[in-house]
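Have a look at query_25.pdb; it's PDB, C-alpha atoms and all ligand atoms:
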MODEL        1
ATOM      1  CA  MET Z   5       5.267 101.343 -58.296  1.00  0.00           C
ATOM      2  CA  ARG Z   6       3.708 104.658 -59.324  1.00  0.00           C
ATOM      3  CA  GLU Z   7       5.232 106.423 -62.255  1.00  0.00           C
ATOM      4  CA  ILE Z   8       6.108 110.054 -61.703  1.00  0.00           C
ATOM      5  CA  PHE Z   9       5.658 112.475 -64.564  1.00  0.00           C
ATOM      6  CA  MET Z  10       5.657 116.208 -65.080  1.00  0.00           C
ATOM      7  CA  TYR Z  11       3.220 118.291 -67.071  1.00  0.00           C
ATOM      8  CA  VAL Z  12       5.135 120.248 -69.685  1.00  0.00           C
ATOM      9  CA  CYS Z  13       2.212 121.727 -71.601  1.00  0.00           C
ATOM     10  CA  LEU Z  14      -0.580 122.639 -69.227  1.00  0.00           C
ATOM     11  CA  CYS Z  15      -2.933 123.874 -71.952  1.00  0.00           C
ATOM     12  CA  ASN Z  16      -2.960 120.483 -73.671  1.00  0.00           C
ATOM     13  CA  GLY Z  17      -2.118 118.116 -70.794  1.00  0.00           C
ATOM     14  CA  ILE Z  18       1.132 116.906 -72.348  1.00  0.00           C
ATOM     15  CA  THR Z  19       3.686 115.340 -70.020  1.00  0.00           C
ATOM     16  CA  ASP Z  20       7.415 114.689 -70.207  1.00  0.00           C
ATOM     17  CA  HIS Z  21       6.516 111.007 -70.557  1.00  0.00           C
ATOM     18  CA  SER Z  22       4.492 111.762 -73.709  1.00  0.00           C
ATOM     19  CA  ILE Z  23       7.445 113.620 -75.230  1.00  0.00           C
ATOM     20  CA  ARG Z  24       9.834 110.766 -74.363  1.00  0.00           C
ATOM     21  CA  GLU Z  25       7.455 108.300 -76.001  1.00  0.00           C
ATOM     22  CA  GLU Z  26       7.470 110.359 -79.192  1.00  0.00           C
ATOM     23  CA  VAL Z  27      11.288 110.298 -79.205  1.00  0.00           C
ATOM     24  CA  ALA Z  28      11.217 106.524 -78.754  1.00  0.00           C
ATOM     25  CA  LYS Z  29       8.799 106.303 -81.699  1.00  0.00           C
ATOM     26  CA  GLY Z  30      11.271 108.185 -83.880  1.00  0.00           C
ATOM     27  CA  ALA Z  31      10.714 111.926 -83.473  1.00  0.00           C
ATOM     28  CA  GLN Z  32      13.848 113.608 -84.811  1.00  0.00           C
ATOM     29  CA  HIS Z  33      12.990 117.223 -84.014  1.00  0.00           C
ATOM     30  CA  LEU Z  34      10.828 119.071 -81.519  1.00  0.00           C
ATOM     31  CA  ARG Z  35       8.571 120.085 -84.405  1.00  0.00           C
ATOM     32  CA  ASP Z  36       7.721 116.387 -84.876  1.00  0.00           C
ATOM     33  CA  VAL Z  37       6.422 116.340 -81.308  1.00  0.00           C
ATOM     34  CA  VAL Z  38       4.578 119.607 -81.856  1.00  0.00           C
ATOM     35  CA  ARG Z  39       2.768 118.062 -84.824  1.00  0.00           C
ATOM     36  CA  SER Z  40       2.021 114.686 -83.286  1.00  0.00           C
ATOM     37  CA  LEU Z  41       0.899 115.821 -79.821  1.00  0.00           C
ATOM     38  CA  GLY Z  42      -0.382 119.322 -80.499  1.00  0.00           C
ATOM     39  CA  LEU Z  43       2.229 120.744 -78.146  1.00  0.00           C
ATOM     40  CA  ALA Z  44       2.379 124.552 -77.866  1.00  0.00           C
ATOM     41  CA  LYS Z  45      -0.707 125.132 -79.992  1.00  0.00           C
ATOM     42  CA  ASP Z  46      -2.237 127.546 -77.481  1.00  0.00           C
ATOM     43  CA  CYS Z  47      -0.153 129.907 -75.323  1.00  0.00           C
ATOM     44  CA  ALA Z  48       3.228 128.317 -76.283  1.00  0.00           C
ATOM     45  CA  ARG Z  49       4.727 128.994 -72.846  1.00  0.00           C
ATOM     46  CA  CYS Z  50       5.777 125.351 -72.784  1.00  0.00           C
ATOM     47  CA  VAL Z  51       8.228 125.496 -75.689  1.00  0.00           C
ATOM     48  CA  GLU Z  52      11.438 125.943 -73.678  1.00  0.00           C
ATOM     49  CA  ALA Z  53      10.549 123.235 -71.147  1.00  0.00           C
ATOM     50  CA  ALA Z  54       9.516 120.926 -73.984  1.00  0.00           C
ATOM     51  CA  ARG Z  55      12.810 121.589 -75.761  1.00  0.00           C
ATOM     52  CA  GLU Z  56      14.773 120.648 -72.627  1.00  0.00           C
ATOM     53  CA  VAL Z  57      12.833 117.398 -72.207  1.00  0.00           C
ATOM     54  CA  PHE Z  58      13.101 116.611 -75.912  1.00  0.00           C
ATOM     55  CA  ASP Z  59      16.864 117.279 -76.081  1.00  0.00           C
ATOM     56  CA  GLU Z  60      17.549 115.148 -73.014  1.00  0.00           C
ATOM     57  CA  ALA Z  61      15.365 112.301 -74.272  1.00  0.00           C
ATOM     58  CA  LYS Z  62      16.895 112.453 -77.752  1.00  0.00           C
ATOM     59  CA  SER Z  63      20.442 112.355 -76.344  1.00  0.00           C
ATOM     60  CA  GLN Z  64      19.604 109.344 -74.193  1.00  0.00           C
ATOM     61  CA  PHE Z  65      17.863 107.601 -77.085  1.00  0.00           C
ATOM     62  CA  ASP Z  66      20.720 108.246 -79.522  1.00  0.00           C
ATOM     63  CA  LEU Z  67      23.310 107.023 -77.009  1.00  0.00           C
ATOM     64  CA  SER Z  68      21.268 103.914 -76.349  1.00  0.00           C
ATOM     65  CA  MET Z  69      20.974 103.208 -80.070  1.00  0.00           C
ATOM     66  CA  ALA Z  70      24.728 103.747 -80.573  1.00  0.00           C
ATOM     67  CA  GLU Z  71      25.478 101.336 -77.729  1.00  0.00           C
ATOM     68  CA  GLN Z  72      23.113  98.726 -79.130  1.00  0.00           C
ATOM     69  CA  LEU Z  73      24.655  99.020 -82.600  1.00  0.00           C
ATOM     70  CA  ALA Z  74      28.189  98.840 -81.148  1.00  0.00           C
ATOM     71  CA  TYR Z  75      27.207  95.790 -79.121  1.00  0.00           C
ATOM     72  CA  ALA Z  76      25.709  94.138 -82.196  1.00  0.00           C
ATOM     73  CA  ALA Z  77      28.876  94.867 -84.171  1.00  0.00           C
ATOM     74  CA  ASP Z  78      31.116  93.938 -81.181  1.00  0.00           C
ATOM     75  CA  ILE Z  79      32.716  97.404 -81.119  1.00  0.00           C
ATOM     76  CA  PRO Z  80      33.867  98.833 -77.747  1.00  0.00           C
ATOM     77  CA  THR Z  81      32.139 102.071 -76.703  1.00  0.00           C
ATOM     78  CA  LEU Z  82      33.209 104.925 -74.471  1.00  0.00           C
ATOM     79  CA  THR Z  83      30.708 103.850 -71.819  1.00  0.00           C
ATOM     80  CA  ALA Z  84      31.877 100.215 -71.836  1.00  0.00           C
ATOM     81  CA  ALA Z  85      33.992  99.326 -68.797  1.00  0.00           C
TER
HETATM   82  S1  LIG X 101       1.364 125.467 -71.968  1.00  0.00           S
HETATM   83 FE1  LIG X 101       1.607 124.557 -73.924  1.00  0.00          FE
HETATM   84  S2  LIG X 101       0.290 125.711 -75.219  1.00  0.00           S
HETATM   85 FE2  LIG X 101       0.010 126.591 -73.259  1.00  0.00          FE
ENDMDL
END

Any chance you could give the structure as structure tokens?
Ligand code: FES
Amino acid sequence: MREIFMYVCLCNGITDHSIREEVAKGAQHLRDVVRSLGLAKDCARCVEAAREVFDEAKSQFDLSMAEQLAYAADIPTLTAA
């Protein structure tokens, strides 16, 4: 199956997938992604789109981590049925 991705930063060829990978590696703030990938180092028109992708990825990652920790500690979560 082909993976679908979206270019967020056209100047530097950075995709939403690249930003999500940085979140999974531990990026806590968009500036961490800016430093590691070189995002927005040219025209910076990508900042708002990058922020949307980063915020969504960070929310999903944090929720996933909370669920894993709750599961490990045998604590019910809001998403548990
Ligand atoms: S689109 Fe990201 S620096 Fe130009």

So what does the PyMOL selection byres (((not hetatm)) within 7 of (chain X and resi 101)) actually pick up in this one, as number ranges by chain? Z: 12-16, 43-51

For the residues in the current selection, export C-alpha atoms as a PDB file, in the coordinates of the input.
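Generated output (result-v6.pdb):
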ATOM      1  CA  VAL Z  12       5.135 120.248 -69.685  1.00  0.00           C
ATOM      2  CA  CYS Z  13       2.212 121.727 -71.601  1.00  0.00           C
ATOM      3  CA  LEU Z  14      -0.580 122.639 -69.227  1.00  0.00           C
ATOM      4  CA  CYS Z  15      -2.933 123.874 -71.952  1.00  0.00           C
ATOM      5  CA  ASN Z  16      -2.960 120.483 -73.671  1.00  0.00           C
ATOM      6  CA  LEU Z  43       2.229 120.744 -78.146  1.00  0.00           C
ATOM      7  CA  ALA Z  44       2.379 124.552 -77.866  1.00  0.00           C
ATOM      8  CA  LYS Z  45      -0.707 125.132 -79.992  1.00  0.00           C
ATOM      9  CA  ASP Z  46      -2.237 127.546 -77.481  1.00  0.00           C
ATOM     10  CA  CYS Z  47      -0.153 129.907 -75.323  1.00  0.00           C
ATOM     11  CA  ALA Z  48       3.228 128.317 -76.283  1.00  0.00           C
ATOM     12  CA  ARG Z  49       4.727 128.994 -72.846  1.00  0.00           C
ATOM     13  CA  CYS Z  50       5.777 125.351 -72.784  1.00  0.00           C
ATOM     14  CA  VAL Z  51       8.228 125.496 -75.689  1.00  0.00           C
TER      15      VAL Z  51
END

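Of note, atom CA of Ser40 of chain Z and atom CA of Arg24 of chain Z are spaced 12.5 Å apart.
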
From the set Z:Asp59, Z:Asp66, Z:Ile18, Z:Glu71, which residue has the shortest atom-to-atom contact distance to His33 of chain Z, counting all atoms listed in the file?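 Of all the options, Z:Asp59 lies closest to His33 of chain Z.
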
The PyMOL selection byres (((chain Z and resi 27) around 12) and not hetatm) applied to the shown file, residues as a VMD selection string: chain Z and resid 20 to 26 28 to 38 40 to 41 54 to 55 57 to 66

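What separates atom CA of Ile8 of chain Z from atom CA of Gly42 of chain Z is a distance of 21.9 Å.
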
Suppose you want the space between atom CA of Thr19 of chain Z and atom CA of Glu7 of chain Z; what is it in Å?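 Computing it gives 11.9 Å between the two atoms.
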
Quick one: 6 Å padding each side, axis-aligned, all listed atoms of segment 66-82 of chain Z - centre and edge lengths in Å to one decimal, as lines of an AutoDock Vina configuration file?
center_x = 27.3
center_y = 101.1
center_z = -79.3
size_x = 25.1
size_y = 26.3
size_z = 21.7

Using the partial input, fill out segment 29-63 of chain Z with N, CA and C atoms; write the result as a compact mmCIF listing (two decimals), in the coordinates of the input.
# COMPACT_ATOMS: atom_id res chain seq x y z
N LYS Z 29 9.49 106.70 -80.46
CA LYS Z 29 8.80 106.30 -81.70
C LYS Z 29 9.50 106.85 -82.94
N GLY Z 30 10.50 107.71 -82.73
CA GLY Z 30 11.27 108.18 -83.88
C GLY Z 30 11.26 109.67 -84.15
N ALA Z 31 10.69 110.47 -83.26
CA ALA Z 31 10.71 111.93 -83.47
C ALA Z 31 12.16 112.40 -83.56
N GLN Z 32 12.49 113.12 -84.60
CA GLN Z 32 13.85 113.61 -84.81
C GLN Z 32 14.03 115.05 -84.38
N HIS Z 33 12.95 115.79 -84.35
CA HIS Z 33 12.99 117.22 -84.01
C HIS Z 33 11.80 117.56 -83.12
N LEU Z 34 11.94 118.64 -82.38
CA LEU Z 34 10.83 119.07 -81.52
C LEU Z 34 9.58 119.34 -82.35
N ARG Z 35 9.75 119.81 -83.57
CA ARG Z 35 8.57 120.08 -84.40
C ARG Z 35 7.77 118.81 -84.70
N ASP Z 36 8.44 117.65 -84.70
CA ASP Z 36 7.72 116.39 -84.88
C ASP Z 36 6.78 116.15 -83.70
N VAL Z 37 7.25 116.50 -82.51
CA VAL Z 37 6.42 116.34 -81.31
C VAL Z 37 5.29 117.36 -81.32
N VAL Z 38 5.60 118.57 -81.75
CA VAL Z 38 4.58 119.61 -81.86
C VAL Z 38 3.44 119.12 -82.76
N ARG Z 39 3.79 118.54 -83.88
CA ARG Z 39 2.77 118.06 -84.82
C ARG Z 39 1.99 116.87 -84.27
N SER Z 40 2.70 115.92 -83.70
CA SER Z 40 2.02 114.69 -83.29
C SER Z 40 1.18 114.86 -82.02
N LEU Z 41 1.63 115.69 -81.08
CA LEU Z 41 0.90 115.82 -79.82
C LEU Z 41 0.07 117.09 -79.72
N GLY Z 42 0.32 118.04 -80.60
CA GLY Z 42 -0.38 119.32 -80.50
C GLY Z 42 0.23 120.22 -79.44
N LEU Z 43 1.50 119.95 -79.13
CA LEU Z 43 2.23 120.74 -78.15
C LEU Z 43 2.30 122.20 -78.59
N ALA Z 44 2.17 123.12 -77.65
CA ALA Z 44 2.38 124.55 -77.87
C ALA Z 44 1.39 125.18 -78.84
N LYS Z 45 0.25 124.57 -79.02
CA LYS Z 45 -0.71 125.13 -79.99
C LYS Z 45 -1.58 126.25 -79.41
N ASP Z 46 -1.46 126.47 -78.09
CA ASP Z 46 -2.24 127.55 -77.48
C ASP Z 46 -1.32 128.70 -77.06
N CYS Z 47 -0.95 128.77 -75.80
CA CYS Z 47 -0.15 129.91 -75.32
C CYS Z 47 1.33 129.81 -75.68
N ALA Z 48 1.83 128.60 -75.91
CA ALA Z 48 3.23 128.32 -76.28
C ALA Z 48 4.23 128.63 -75.17
N ARG Z 49 3.78 128.78 -73.95
CA ARG Z 49 4.73 128.99 -72.85
C ARG Z 49 5.53 127.74 -72.54
N CYS Z 50 5.14 126.63 -73.07
CA CYS Z 50 5.78 125.35 -72.78
C CYS Z 50 6.96 125.04 -73.69
N VAL Z 51 7.24 125.85 -74.67
CA VAL Z 51 8.23 125.50 -75.69
C VAL Z 51 9.61 125.25 -75.10
N GLU Z 52 10.08 126.12 -74.22
CA GLU Z 52 11.44 125.94 -73.68
C GLU Z 52 11.53 124.69 -72.82
N ALA Z 53 10.54 124.45 -71.97
CA ALA Z 53 10.55 123.24 -71.15
C ALA Z 53 10.47 121.99 -72.03
N ALA Z 54 9.64 122.05 -73.06
CA ALA Z 54 9.52 120.93 -73.98
C ALA Z 54 10.83 120.68 -74.70
N ARG Z 55 11.53 121.74 -75.07
CA ARG Z 55 12.81 121.59 -75.76
C ARG Z 55 13.83 120.91 -74.84
N GLU Z 56 13.84 121.28 -73.58
CA GLU Z 56 14.77 120.65 -72.63
C GLU Z 56 14.47 119.16 -72.49
N VAL Z 57 13.20 118.81 -72.33
CA VAL Z 57 12.83 117.40 -72.21
C VAL Z 57 13.17 116.65 -73.49
N PHE Z 58 12.84 117.26 -74.63
CA PHE Z 58 13.10 116.61 -75.91
C PHE Z 58 14.60 116.38 -76.10
N ASP Z 59 15.42 117.41 -75.87
CA ASP Z 59 16.86 117.28 -76.08
C ASP Z 59 17.46 116.20 -75.18
N GLU Z 60 17.03 116.16 -73.93
CA GLU Z 60 17.55 115.15 -73.01
C GLU Z 60 17.12 113.75 -73.48
N ALA Z 61 15.86 113.60 -73.83
CA ALA Z 61 15.36 112.30 -74.27
C ALA Z 61 16.05 111.86 -75.56
N LYS Z 62 16.25 112.79 -76.46
CA LYS Z 62 16.90 112.45 -77.75
C LYS Z 62 18.35 112.03 -77.53
N SER Z 63 19.06 112.73 -76.64
CA SER Z 63 20.44 112.36 -76.34
C SER Z 63 20.51 110.95 -75.76
